[in-house]
Amino acid sequence: MTTQNQPLNTEDDVRASVKQYYGDELSQSCDLKTSACATSAAPTARLAALIDNLHDETRARYFGCGLIAPEALSGAQTLDLGCGAGRDVYVLSQLVGESGRVVGVDMTAKQLEVAERRREWHREKFGHAVSNVAFLEGYLERLDELDLPKAGFDVVISNCVINLATDKPAVFAAVRRLLKPGGEFYFADIYADKPLSEAARRDPVLYGECLGGALVWSEFVRLAKEAGFAEPRIAAAAPIAPMSDDIAAAVGDVAFVSVTVRLFAADAARDAAPAALTYTGGADAVDAETDDCFAFDLQHRFEKDAPQVVSGATAALIQSSRFGQFFDVAAATGQSTSPAAEAIDPFTVAAASAAGPSGCCG
């Protein structure tokens with residue numbers, strides 16, 4: 001068993017350290033030593049109301065860097081990777097409704113104990129006749145060993161957890177197999193602008209704080225494509241707040257950013273012709289106060305009933321996903337003016353963001 005003073009030399013060391021950190025050292029989100037796994041953006045009134053429906057203990061034991069509530073979830077089969085004490089699971093439980101289902105997976109037994117013992121409380125709070133959530137203990141690198149149906153999920157989510165996985169290619173490959181055709185991996189995570197030093201990557205505190213295991217952004221893009229996903233689409237990006245002197249010294253000149261990403265189990269369709277898409281409403285975006293627009297990614301914000309020319313790749317991606325039902329498609333009379341997805345730099349976006357990081361105790 002490793003301690004928080006010993007370097008992480010093996011995969012078993014990493015897993016033991018993360019279990020200890022999230023099972024013993026962190027009893028609530030304010031115990032974190034950095035803001036890396038603390039969501040910087042304030043939720044909309046609609047999303048805040050869903051969070052307010054949760055048990056106090058569930059809300060207190062939240063560790064995440066994004067607001068993971070994608071659109072059009074009614075009736076969806078949903079999987080939460082690294083669910084912890086279940087905050088996002090229980091938010092999603094309300095969104096998918098009784099006809100949907102949410103499965104949470106985590107490797108930390110103490111976190112799952114909290115999630116499980118509040119299951120009946122949340123069922124009653126939400127007015128569900130039968131609970132629509134389930135929790136499984138397991139490793140993200142070994143999802144194939146769990147009782148999860150291949151091509152059985154509409155949406156897979158994760159909130160500041162992929163960076164903790166010891167075999168990230170295995171995680172992306174497993175998620176691709178678990179998603180239905182056109183399904184979405186919608187997740188938030190921490191990324192670095194350059195590789196960390198060996199000492200920083202093996203530091204147990206940095207790893208537990210979601211920094212030591214962070215991928216370089218370009219490396220993530222490569223791994224996602226190799227797993228069979230279409231081009232990653234950035235939904236949001238935010239800077240990481242200034243760190244303590246000790247943490248800053250340990251990471252050196254590496255910068256970090258929190259990014260919310262959409263990955264679709266679909267072909268890239270790079271050679272497809274541009275198309276005019278018209279959002280007709282109904283996507284039920286909880287991160288917006290009205291249904292008058294739909295923000296697919298940072299490049300594409302669709303105003304209701306207003307045709308917009310997009311690239312063939314974007315048109316094909318939306319049409320093959322669960323969002324296709326909310327769009328009318330017509331031949332394009334011009335070319336898309338949106339920049340290519342690969343041209344969007346999350347660090348530039350985060351630097352220009354007006355929303356700065358906030359504390360987790362606010």
# chains A, B, ... in the order shown; residues from 1 in each chain; ligands from 1
>>> residues_around(residues="A:Ser197", least_positions_apart="2", cutoff="12 Å", atoms="only C-alpha atoms", output="mmCIF file with N, CA, C and O atoms, in the first residue's frame")
data_model
loop_
_atom_site.group_PDB
_atom_site.id
_atom_site.type_symbol
_atom_site.label_atom_id
_atom_site.label_comp_id
_atom_site.auth_asym_id
_atom_site.auth_seq_id
_atom_site.Cartn_x
_atom_site.Cartn_y
_atom_site.Cartn_z
ATOM 1 N N ALA A 192 -2.859 19.068 -20.033
ATOM 2 C CA ALA A 192 -1.632 19.853 -19.875
ATOM 3 C C ALA A 192 -1.169 20.371 -21.232
ATOM 4 O O ALA A 192 -1.489 19.784 -22.272
ATOM 5 N N LYS A 194 2.039 20.673 -21.977
ATOM 6 C CA LYS A 194 3.300 19.987 -22.286
ATOM 7 C C LYS A 194 3.461 18.833 -21.303
ATOM 8 O O LYS A 194 2.790 18.790 -20.263
ATOM 9 N N PRO A 195 4.324 17.868 -21.597
ATOM 10 C CA PRO A 195 4.491 16.726 -20.695
ATOM 11 C C PRO A 195 5.025 17.152 -19.328
ATOM 12 O O PRO A 195 5.852 18.060 -19.215
ATOM 13 N N ALA A 199 9.017 13.058 -12.091
ATOM 14 C CA ALA A 199 8.739 13.215 -10.664
ATOM 15 C C ALA A 199 7.315 13.706 -10.430
ATOM 16 O O ALA A 199 6.626 13.248 -9.509
ATOM 17 N N ALA A 200 6.859 14.636 -11.252
ATOM 18 C CA ALA A 200 5.507 15.159 -11.096
ATOM 19 C C ALA A 200 4.469 14.084 -11.404
ATOM 20 O O ALA A 200 3.453 13.966 -10.713
ATOM 21 N N ARG A 201 4.725 13.275 -12.425
ATOM 22 C CA ARG A 201 3.772 12.230 -12.784
ATOM 23 C C ARG A 201 3.675 11.149 -11.719
ATOM 24 O O ARG A 201 2.660 10.466 -11.607
ATOM 25 N N ARG A 202 4.721 10.989 -10.926
ATOM 26 C CA ARG A 202 4.721 9.953 -9.885
ATOM 27 C C ARG A 202 4.376 10.501 -8.501
ATOM 28 O O ARG A 202 4.364 9.749 -7.524
ATOM 29 N N ASP A 203 4.092 11.797 -8.417
ATOM 30 C CA ASP A 203 3.757 12.400 -7.130
ATOM 31 C C ASP A 203 2.314 12.058 -6.754
ATOM 32 O O ASP A 203 1.385 12.373 -7.492
ATOM 33 N N LEU A 206 -0.154 15.163 -6.529
ATOM 34 C CA LEU A 206 -0.459 15.705 -7.856
ATOM 35 C C LEU A 206 -1.376 14.770 -8.630
ATOM 36 O O LEU A 206 -2.278 15.214 -9.353
ATOM 37 N N LEU A 211 -3.761 16.294 -11.625
ATOM 38 C CA LEU A 211 -2.744 16.955 -12.426
ATOM 39 C C LEU A 211 -1.680 15.977 -12.928
ATOM 40 O O LEU A 211 -1.264 16.027 -14.092
ATOM 41 N N GLY A 212 -1.210 15.087 -12.054
ATOM 42 C CA GLY A 212 -0.120 14.187 -12.408
ATOM 43 C C GLY A 212 -0.424 13.264 -13.563
ATOM 44 O O GLY A 212 0.468 12.895 -14.327
ATOM 45 N N GLY A 213 -1.670 12.872 -13.718
ATOM 46 C CA GLY A 213 -2.044 11.953 -14.795
ATOM 47 C C GLY A 213 -2.679 12.634 -15.988
ATOM 48 O O GLY A 213 -3.221 11.954 -16.873
ATOM 49 N N ALA A 214 -2.636 13.968 -16.044
ATOM 50 C CA ALA A 214 -3.277 14.693 -17.145
ATOM 51 C C ALA A 214 -2.569 14.439 -18.471
ATOM 52 O O ALA A 214 -1.345 14.451 -18.545
ATOM 53 N N ALA A 249 5.472 24.646 -7.749
ATOM 54 C CA ALA A 249 6.875 24.249 -7.897
ATOM 55 C C ALA A 249 6.977 22.819 -8.403
ATOM 56 O O ALA A 249 7.874 22.492 -9.198
ATOM 57 N N ALA A 250 6.067 21.963 -7.966
ATOM 58 C CA ALA A 250 6.114 20.555 -8.363
ATOM 59 C C ALA A 250 5.773 20.361 -9.835
ATOM 60 O O ALA A 250 6.348 19.500 -10.506
ATOM 61 N N VAL A 251 4.843 21.159 -10.382
ATOM 62 C CA VAL A 251 4.452 20.982 -11.783
ATOM 63 C C VAL A 251 5.346 21.781 -12.727
ATOM 64 O O VAL A 251 5.348 21.534 -13.937
ATOM 65 N N GLY A 252 6.096 22.734 -12.203
ATOM 66 C CA GLY A 252 6.988 23.511 -13.060
ATOM 67 C C GLY A 252 6.236 24.464 -13.964
ATOM 68 O O GLY A 252 5.246 25.085 -13.560
ATOM 69 N N ASP A 253 6.668 24.568 -15.224
ATOM 70 C CA ASP A 253 6.067 25.535 -16.143
ATOM 71 C C ASP A 253 4.933 24.946 -16.968
ATOM 72 O O ASP A 253 4.555 25.485 -18.008
ATOM 73 N N VAL A 254 4.355 23.855 -16.514
ATOM 74 C CA VAL A 254 3.234 23.226 -17.210
ATOM 75 C C VAL A 254 1.940 23.958 -16.879
ATOM 76 O O VAL A 254 1.656 24.229 -15.707
#
>>> closest_atom_pairs(of="stretch 73-98 of chain A", to="stretch 110-120 of chain A", cutoff="9 Å", atoms="only C-alpha atoms", output="CSV")
residue,atom,partner,partner_atom,distance
A:Cys83,CA,A:Leu112,CA,8.1
A:Gly84,CA,A:Gln111,CA,5.1
A:Ala85,CA,A:Ala115,CA,4.4
A:Gly86,CA,A:Ala115,CA,4.9
A:Arg87,CA,A:Ala115,CA,8.0
A:Val89,CA,A:Ala115,CA,8.9
A:Tyr90,CA,A:Arg119,CA,8.5
>>> closest_residue(among="A:Glu145, A:Asp297, A:Glu124, A:Asp167", to="A:Leu223", atoms="only C-alpha atoms")
A:Asp167
>>> closest_residue(among="A:Gln299, A:Asn159, A:Gln77, A:Ser99", to="A:His128", atoms="only C-alpha atoms")
A:Ser99
>>> residues_around(residues="A:Lys225", least_positions_apart="4", cutoff="12 Å", atoms="only C-alpha atoms", output="tab-separated table (two decimals) with N, CA and C atoms, in the first residue's frame")
chain	number	residue	atom	x	y	z
A	169	PRO	N	-5.63	4.63	-23.20
A	169	PRO	CA	-6.10	4.04	-24.46
A	169	PRO	C	-7.13	2.93	-24.24
A	172	PHE	N	-10.60	4.60	-23.59
A	172	PHE	CA	-11.24	5.12	-24.80
A	172	PHE	C	-11.74	3.99	-25.69
A	173	ALA	N	-10.94	2.93	-25.81
A	173	ALA	CA	-11.35	1.81	-26.65
A	173	ALA	C	-12.59	1.12	-26.09
A	176	ARG	N	-15.71	3.24	-26.64
A	176	ARG	CA	-16.15	3.14	-28.04
A	176	ARG	C	-16.96	1.88	-28.27
A	218	SER	N	-2.82	17.39	-27.33
A	218	SER	CA	-2.58	16.76	-28.63
A	218	SER	C	-2.52	15.24	-28.51
A	219	GLU	N	-2.03	14.75	-27.38
A	219	GLU	CA	-1.99	13.30	-27.17
A	219	GLU	C	-3.39	12.75	-27.02
A	220	PHE	N	-4.25	13.47	-26.31
A	220	PHE	CA	-5.64	13.05	-26.18
A	220	PHE	C	-6.32	12.95	-27.54
A	221	VAL	N	-6.13	13.96	-28.38
A	221	VAL	CA	-6.76	13.96	-29.71
A	221	VAL	C	-6.32	12.72	-30.49
A	229	PHE	N	-13.12	7.22	-32.60
A	229	PHE	CA	-14.05	8.32	-32.46
A	229	PHE	C	-13.84	9.34	-33.59
A	230	ALA	N	-14.90	10.08	-33.88
A	230	ALA	CA	-14.78	11.21	-34.80
A	230	ALA	C	-13.99	12.32	-34.10
A	231	GLU	N	-13.64	13.34	-34.86
A	231	GLU	CA	-12.86	14.47	-34.34
A	231	GLU	C	-13.47	15.02	-33.05
A	232	PRO	N	-12.68	15.15	-31.97
A	232	PRO	CA	-13.21	15.71	-30.71
A	232	PRO	C	-13.79	17.10	-30.92
A	233	ARG	N	-14.90	17.37	-30.26
A	233	ARG	CA	-15.53	18.68	-30.30
A	233	ARG	C	-15.50	19.28	-28.90
A	263	LEU	N	-17.25	13.38	-27.81
A	263	LEU	CA	-16.69	12.38	-28.72
A	263	LEU	C	-17.84	11.51	-29.21
A	264	PHE	N	-17.94	11.34	-30.51
A	264	PHE	CA	-19.04	10.56	-31.07
A	264	PHE	C	-18.54	9.26	-31.71
A	265	ALA	N	-19.31	8.21	-31.48
A	265	ALA	CA	-19.02	6.92	-32.10
A	265	ALA	C	-19.54	6.96	-33.53
A	266	ALA	N	-18.79	7.66	-34.37
A	266	ALA	CA	-19.22	7.87	-35.75
A	266	ALA	C	-18.00	8.10	-36.63
A	267	ASP	N	-18.17	7.90	-37.93
A	267	ASP	CA	-17.11	8.17	-38.88
A	267	ASP	C	-16.91	9.68	-39.03
A	268	ALA	N	-15.72	10.09	-39.39
A	268	ALA	CA	-15.42	11.51	-39.51
A	268	ALA	C	-16.16	12.17	-40.68
A	342	GLU	N	-10.09	20.79	-35.36
A	342	GLU	CA	-8.71	20.64	-34.91
A	342	GLU	C	-8.00	21.97	-34.75
>>> residues_around(residues="A:Leu298", least_positions_apart="6", cutoff="7 Å", atoms="only C-alpha atoms", output="JSON, numbers by chain")
{"A": [234, 235, 236]}
>>> write_last_selection(atoms="all heavy atoms", output="short mmCIF file (atom, residue, chain, number, x, y, z; two decimals), in the first residue's frame")
data_model
loop_
_atom_site.label_atom_id
_atom_site.label_comp_id
_atom_site.auth_asym_id
_atom_site.auth_seq_id
_atom_site.Cartn_x
_atom_site.Cartn_y
_atom_site.Cartn_z
N ILE A 234 -14.98 20.49 -28.78
CA ILE A 234 -14.87 21.14 -27.48
C ILE A 234 -16.17 21.87 -27.17
O ILE A 234 -16.61 22.74 -27.92
CB ILE A 234 -13.70 22.14 -27.46
CG1 ILE A 234 -12.38 21.42 -27.73
CG2 ILE A 234 -13.65 22.88 -26.13
CD1 ILE A 234 -11.18 22.34 -27.80
N ALA A 235 -16.78 21.51 -26.04
CA ALA A 235 -18.01 22.17 -25.59
C ALA A 235 -17.72 23.33 -24.65
O ALA A 235 -18.48 24.30 -24.60
CB ALA A 235 -18.93 21.16 -24.92
N ALA A 236 -16.63 23.24 -23.88
CA ALA A 236 -16.28 24.31 -22.94
C ALA A 236 -14.83 24.14 -22.54
O ALA A 236 -14.28 23.04 -22.58
CB ALA A 236 -17.18 24.27 -21.70
#
>>> select_by_dssp(residues="stretch 277-330 of chain A", states="helix (DSSP H, G or I)", output="PyMOL selection string")
chain A and resi 312-320+322-326
>>> write_last_selection(atoms="N, CA and C atoms", output="short mmCIF file (atom, residue, chain, number, x, y, z; two decimals), in the first residue's frame")
data_model
loop_
_atom_site.label_atom_id
_atom_site.label_comp_id
_atom_site.auth_asym_id
_atom_site.auth_seq_id
_atom_site.Cartn_x
_atom_site.Cartn_y
_atom_site.Cartn_z
N GLY A 312 -19.47 19.30 -44.05
CA GLY A 312 -20.06 17.98 -44.20
C GLY A 312 -19.81 17.09 -43.00
N ALA A 313 -18.61 17.22 -42.39
CA ALA A 313 -18.28 16.42 -41.23
C ALA A 313 -19.21 16.73 -40.07
N THR A 314 -19.48 18.03 -39.84
CA THR A 314 -20.36 18.42 -38.74
C THR A 314 -21.79 17.99 -39.02
N ALA A 315 -22.24 18.17 -40.26
CA ALA A 315 -23.61 17.76 -40.61
C ALA A 315 -23.80 16.27 -40.41
N ALA A 316 -22.84 15.47 -40.86
CA ALA A 316 -22.94 14.02 -40.72
C ALA A 316 -22.92 13.61 -39.27
N LEU A 317 -22.08 14.29 -38.47
CA LEU A 317 -21.97 13.96 -37.06
C LEU A 317 -23.29 14.21 -36.34
N ILE A 318 -23.89 15.36 -36.57
CA ILE A 318 -25.15 15.69 -35.91
C ILE A 318 -26.27 14.77 -36.38
N GLN A 319 -26.34 14.51 -37.68
CA GLN A 319 -27.41 13.68 -38.21
C GLN A 319 -27.34 12.25 -37.69
N SER A 320 -26.13 11.73 -37.45
CA SER A 320 -25.99 10.35 -37.00
C SER A 320 -26.18 10.22 -35.50
N ARG A 322 -28.06 11.43 -31.59
CA ARG A 322 -29.41 11.60 -31.07
C ARG A 322 -29.94 13.01 -31.33
N PHE A 323 -29.08 13.93 -31.75
CA PHE A 323 -29.50 15.30 -32.02
C PHE A 323 -30.10 15.46 -33.42
N GLY A 324 -29.94 14.45 -34.27
CA GLY A 324 -30.43 14.56 -35.63
C GLY A 324 -31.91 14.85 -35.71
N GLN A 325 -32.69 14.33 -34.77
CA GLN A 325 -34.14 14.51 -34.79
C GLN A 325 -34.56 15.96 -34.56
N PHE A 326 -33.64 16.79 -34.09
CA PHE A 326 -33.97 18.18 -33.78
C PHE A 326 -33.53 19.15 -34.88
#
>>> select_by_dssp(residues="stretch 37-276 of chain A", states="strand (DSSP E or B)", output="PyMOL selection string")
chain A and resi 38+64+77-81+101-106+133-137+153-159+179-192+215-216+233-239+256-264+275-276
>>> residues_around(residues="stretch 344-353 of chain A", least_positions_apart="5", cutoff="9 Å", atoms="only C-alpha atoms", output="number ranges by chain")
A: 193, 217, 233-234, 236-240, 255-259, 298-299, 339
>>> atom_distance(atom1="atom CA of A:Tyr279", atom2="atom CA of A:Ser74")
18.2 Å
>>> closest_residue(among="A:Val309, A:Ala174, A:Cys293, A:Val130", to="A:Ala151", atoms="only C-alpha atoms")
A:Ala174
>>> residues_around(residues="A:Phe187", least_positions_apart="4", cutoff="6 Å", atoms="only C-alpha atoms", output="list of chain:residue names")
A:Ile157, A:Ser158, A:Asn159, A:Thr260, A:Val261
